[in-house]
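Written below as structure tokens is the structure these notes are about.
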Amino acid sequence: FIAQSWPADETRAFEALAQRHLHRVVSFCTRFVGNRVDGEELAQEIFLSLWSQRARYDSRQQFSAFLFTLAVNRCRNHQRWWRRWLRTDEQVRETPLSAEPASALDDLLDAERGRWLHDEVSKLSLLLREAVLLRFEQGLDYRAIGRVCGCSEGNARARAFRAVEQLRTARREVNR
């Protein structure tokens with residue numbers, strides 16, 4: 001995935017860097033998305049992105065943190081796309097041909113619930129917000145959340161639990 005038009009010394013250095021970290025990135029992506037083929041494709045995309053964003057890298061920064069930030073973002077985008085596609089596909093398969101379309105009132109209520117939840121999630125502390133979004137929006141297990149957040153699996157589980165409890169409390173207060 002290295003273009004011939006790039007300077008030879010820069011190309012060789014990048015190839016060495018890619019070879020040194022390729023296995024770790026493929027392994028991370030595979031575990032993140034749960035599929036070796038997708039993990040390998042994502043890793044290739046990550047290294048292409050790394051090459052195109054090489055000017056953004058500050059040598060005072062830990063290289064693996066820069067690399068895995070790209071990896072996490074690419075994997076998250078992949079998961080979002082995949083979940084949207086599955087949701088749409090399931091809706092198409094599960095919607096009976098004779099089903100009545102949702103009323104304007106149903107659409108309004110759904111939108112209001114979505115706005116309320118978005119507002120409440122944004123009020124959570126950063127650590128709790130990150131955990132609840134990774135768990136319920138991204139579908140990551142607690143071990144993966146711990147890896148992304150730099151904490152233990154138990155700590156990731158506790159953060160998500162506290163976030164859900166705070167959301168439940170906020171909902172009870174609204175329903176009073």
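Each chain of the structure tokens is named A, B, ... in the order shown, its residues numbered from 1; ligands are numbered from 1 in display order.
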Do a neighbour search on Glu45 of chain A at 10 Å with only C-alpha atoms, toss out local chain neighbours closer than 6 positions, and write the hits as a PyMOL selection string.
-> chain A and resi 1+39+51+70-71+74
How would the residues just chosen look if you wrote them out with all heavy atoms as a short mmCIF file (atom, residue, chain, number, x, y, z; two decimals), in the first residue's frame?
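Full text of part.cif as output:
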data_model
loop_
_atom_site.label_atom_id
_atom_site.label_comp_id
_atom_site.auth_asym_id
_atom_site.auth_seq_id
_atom_site.Cartn_x
_atom_site.Cartn_y
_atom_site.Cartn_z
N PHE A 1 0.80 -1.20 0.00
CA PHE A 1 0.00 0.00 0.00
C PHE A 1 0.85 1.27 0.00
O PHE A 1 0.41 2.31 0.39
CB PHE A 1 -1.01 0.01 1.15
CG PHE A 1 -0.46 -0.37 2.49
CD1 PHE A 1 0.20 0.57 3.27
CD2 PHE A 1 -0.60 -1.64 2.99
CE1 PHE A 1 0.68 0.23 4.50
CE2 PHE A 1 -0.13 -1.98 4.22
CZ PHE A 1 0.52 -1.05 4.98
N GLY A 39 -10.91 -6.94 10.20
CA GLY A 39 -9.78 -6.43 10.97
C GLY A 39 -8.58 -6.15 10.09
O GLY A 39 -7.91 -5.12 10.24
N TRP A 51 -0.23 7.22 6.99
CA TRP A 51 0.67 7.84 6.01
C TRP A 51 0.17 9.24 5.64
O TRP A 51 0.94 10.19 5.63
CB TRP A 51 0.80 6.98 4.76
CG TRP A 51 1.65 7.66 3.74
CD1 TRP A 51 1.23 8.36 2.65
CD2 TRP A 51 3.07 7.76 3.74
NE1 TRP A 51 2.29 8.88 1.98
CE2 TRP A 51 3.45 8.52 2.62
CE3 TRP A 51 4.07 7.28 4.58
CZ2 TRP A 51 4.76 8.81 2.31
CZ3 TRP A 51 5.39 7.55 4.27
CH2 TRP A 51 5.72 8.32 3.15
N LEU A 70 -5.89 6.50 15.84
CA LEU A 70 -6.40 6.30 14.47
C LEU A 70 -7.18 4.99 14.39
O LEU A 70 -8.24 4.92 13.77
CB LEU A 70 -5.25 6.28 13.46
CG LEU A 70 -4.48 7.57 13.26
CD1 LEU A 70 -3.28 7.34 12.33
CD2 LEU A 70 -5.37 8.66 12.70
N ALA A 71 -6.63 3.94 15.02
CA ALA A 71 -7.27 2.62 14.96
C ALA A 71 -8.64 2.64 15.65
O ALA A 71 -9.62 2.11 15.09
CB ALA A 71 -6.36 1.58 15.60
N ARG A 74 -11.14 4.58 13.50
CA ARG A 74 -11.52 3.84 12.29
C ARG A 74 -12.45 2.69 12.65
O ARG A 74 -13.47 2.46 11.98
CB ARG A 74 -10.27 3.34 11.58
CG ARG A 74 -10.52 2.62 10.29
CD ARG A 74 -11.03 3.52 9.23
NE ARG A 74 -10.03 4.53 8.95
CZ ARG A 74 -10.01 5.29 7.88
NH1 ARG A 74 -10.95 5.16 6.99
NH2 ARG A 74 -9.09 6.20 7.71
#
Enumerate the residues of chain A with a DSSP assignment of alpha helix (DSSP H), computed from the backbone, and present them as a ChimeraX atom specification.
-> /A:8-33,36-52,63-94,104-123,126-132,142-149,153-175
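Using only C-alpha atoms, the residues found no farther than 10 Å from Gly139 of chain A, other than those of its own chain fewer than 5 positions away, are Phe32, Val33, Arg76, Gln79, Arg80, Arg83, Val132, Leu133, Leu134, Ala144 and Ile145 of chain A.
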What does the file look like for those residues with all heavy atoms, as a compact mmCIF listing (two decimals), in the first residue's frame?
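The result, written out as again_16.txt:
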# COMPACT_ATOMS: atom_id res chain seq x y z
N PHE A 32 -11.73 -5.83 17.99
CA PHE A 32 -12.71 -4.74 18.09
C PHE A 32 -13.95 -5.05 17.28
O PHE A 32 -15.06 -4.87 17.76
CB PHE A 32 -12.06 -3.44 17.60
CG PHE A 32 -12.77 -2.19 18.02
CD1 PHE A 32 -12.23 -1.38 19.01
CD2 PHE A 32 -13.95 -1.79 17.42
CE1 PHE A 32 -12.86 -0.21 19.40
CE2 PHE A 32 -14.59 -0.63 17.80
CZ PHE A 32 -14.04 0.16 18.80
N VAL A 33 -13.77 -5.52 16.02
CA VAL A 33 -14.92 -5.75 15.16
C VAL A 33 -15.37 -7.21 15.13
O VAL A 33 -16.42 -7.51 14.58
CB VAL A 33 -14.65 -5.25 13.71
CG1 VAL A 33 -14.36 -3.77 13.71
CG2 VAL A 33 -13.55 -6.03 13.03
N ARG A 76 -14.40 2.45 15.33
CA ARG A 76 -15.69 3.01 15.76
C ARG A 76 -16.54 3.38 14.55
O ARG A 76 -17.74 3.12 14.53
CB ARG A 76 -15.47 4.23 16.64
CG ARG A 76 -15.00 3.92 18.02
CD ARG A 76 -14.74 5.18 18.80
NE ARG A 76 -14.26 4.86 20.14
CZ ARG A 76 -13.71 5.74 20.94
NH1 ARG A 76 -13.58 7.00 20.55
NH2 ARG A 76 -13.29 5.39 22.13
N GLN A 79 -17.93 0.24 13.07
CA GLN A 79 -19.01 -0.31 13.87
C GLN A 79 -20.30 0.50 13.69
O GLN A 79 -21.37 -0.06 13.59
CB GLN A 79 -18.63 -0.34 15.36
CG GLN A 79 -17.50 -1.31 15.67
CD GLN A 79 -17.89 -2.75 15.49
OE1 GLN A 79 -17.92 -3.26 14.39
NE2 GLN A 79 -18.20 -3.41 16.58
N ARG A 80 -20.16 1.84 13.65
CA ARG A 80 -21.34 2.69 13.45
C ARG A 80 -22.00 2.37 12.12
O ARG A 80 -23.21 2.22 12.04
CB ARG A 80 -20.95 4.17 13.47
CG ARG A 80 -21.04 4.77 14.81
CD ARG A 80 -20.82 6.28 14.73
NE ARG A 80 -19.92 6.60 15.81
CZ ARG A 80 -18.67 7.00 15.68
NH1 ARG A 80 -18.14 7.19 14.51
NH2 ARG A 80 -17.94 7.23 16.74
N ARG A 83 -23.65 -1.10 12.29
CA ARG A 83 -24.88 -1.12 13.08
C ARG A 83 -26.02 -0.42 12.35
O ARG A 83 -27.15 -0.87 12.38
CB ARG A 83 -24.65 -0.46 14.44
CG ARG A 83 -23.83 -1.34 15.34
CD ARG A 83 -23.90 -0.95 16.75
NE ARG A 83 -22.93 -1.52 17.64
CZ ARG A 83 -22.39 -2.71 17.60
NH1 ARG A 83 -22.68 -3.52 16.65
NH2 ARG A 83 -21.52 -3.12 18.49
N VAL A 132 -20.67 4.62 28.74
CA VAL A 132 -22.04 4.28 28.32
C VAL A 132 -22.15 4.32 26.79
O VAL A 132 -22.83 3.49 26.19
CB VAL A 132 -23.09 5.16 29.02
CG1 VAL A 132 -23.20 6.53 28.43
CG2 VAL A 132 -24.45 4.47 29.02
N LEU A 133 -21.47 5.26 26.14
CA LEU A 133 -21.53 5.32 24.69
C LEU A 133 -20.80 4.15 24.04
O LEU A 133 -21.28 3.56 23.07
CB LEU A 133 -20.97 6.65 24.17
CG LEU A 133 -21.82 7.87 24.47
CD1 LEU A 133 -21.10 9.14 24.03
CD2 LEU A 133 -23.18 7.76 23.82
N LEU A 134 -19.63 3.80 24.59
CA LEU A 134 -18.91 2.66 24.04
C LEU A 134 -19.70 1.36 24.22
O LEU A 134 -19.71 0.50 23.35
CB LEU A 134 -17.53 2.52 24.69
CG LEU A 134 -16.50 3.57 24.29
CD1 LEU A 134 -15.27 3.47 25.17
CD2 LEU A 134 -16.14 3.45 22.82
N ALA A 144 -13.09 -4.59 26.17
CA ALA A 144 -12.68 -3.66 25.12
C ALA A 144 -12.80 -2.21 25.61
O ALA A 144 -11.93 -1.38 25.31
CB ALA A 144 -13.53 -3.85 23.86
N ILE A 145 -13.85 -1.92 26.36
CA ILE A 145 -14.00 -0.57 26.89
C ILE A 145 -12.83 -0.24 27.81
O ILE A 145 -12.27 0.86 27.76
CB ILE A 145 -15.35 -0.42 27.64
CG1 ILE A 145 -16.51 -0.56 26.66
CG2 ILE A 145 -15.41 0.92 28.38
CD1 ILE A 145 -17.86 -0.69 27.33
Which residue, A:Cys29, A:Leu167, A:Leu17, A:Arg159, has the smallest gap to Asn77 of chain A when you use only C-alpha atoms?
-> A:Cys29
Please, what distance in Å, to one decimal, runs between atom CA of Arg172 of chain A and atom CA of Phe136 of chain A?
-> 20.2 Å
Minimum-distance residue to Glu130 of chain A, chosen among A:Phe66, A:Cys149, A:Val26, A:Arg143 (using only C-alpha atoms) = A:Cys149
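Across the structure, atom CA of Ala55 of chain A and atom CA of Cys75 of chain A are spaced 21.9 Å apart.
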Which residue of A:Leu22, A:Ala160, A:Leu108, A:Leu128 approaches Leu67 of chain A most closely, using only C-alpha atoms | A:Leu22
Which value, in Å to one decimal, gives the distance between atom CA of Leu140 of chain A and atom CA of Ala111 of chain A?
-> 25.2 Å
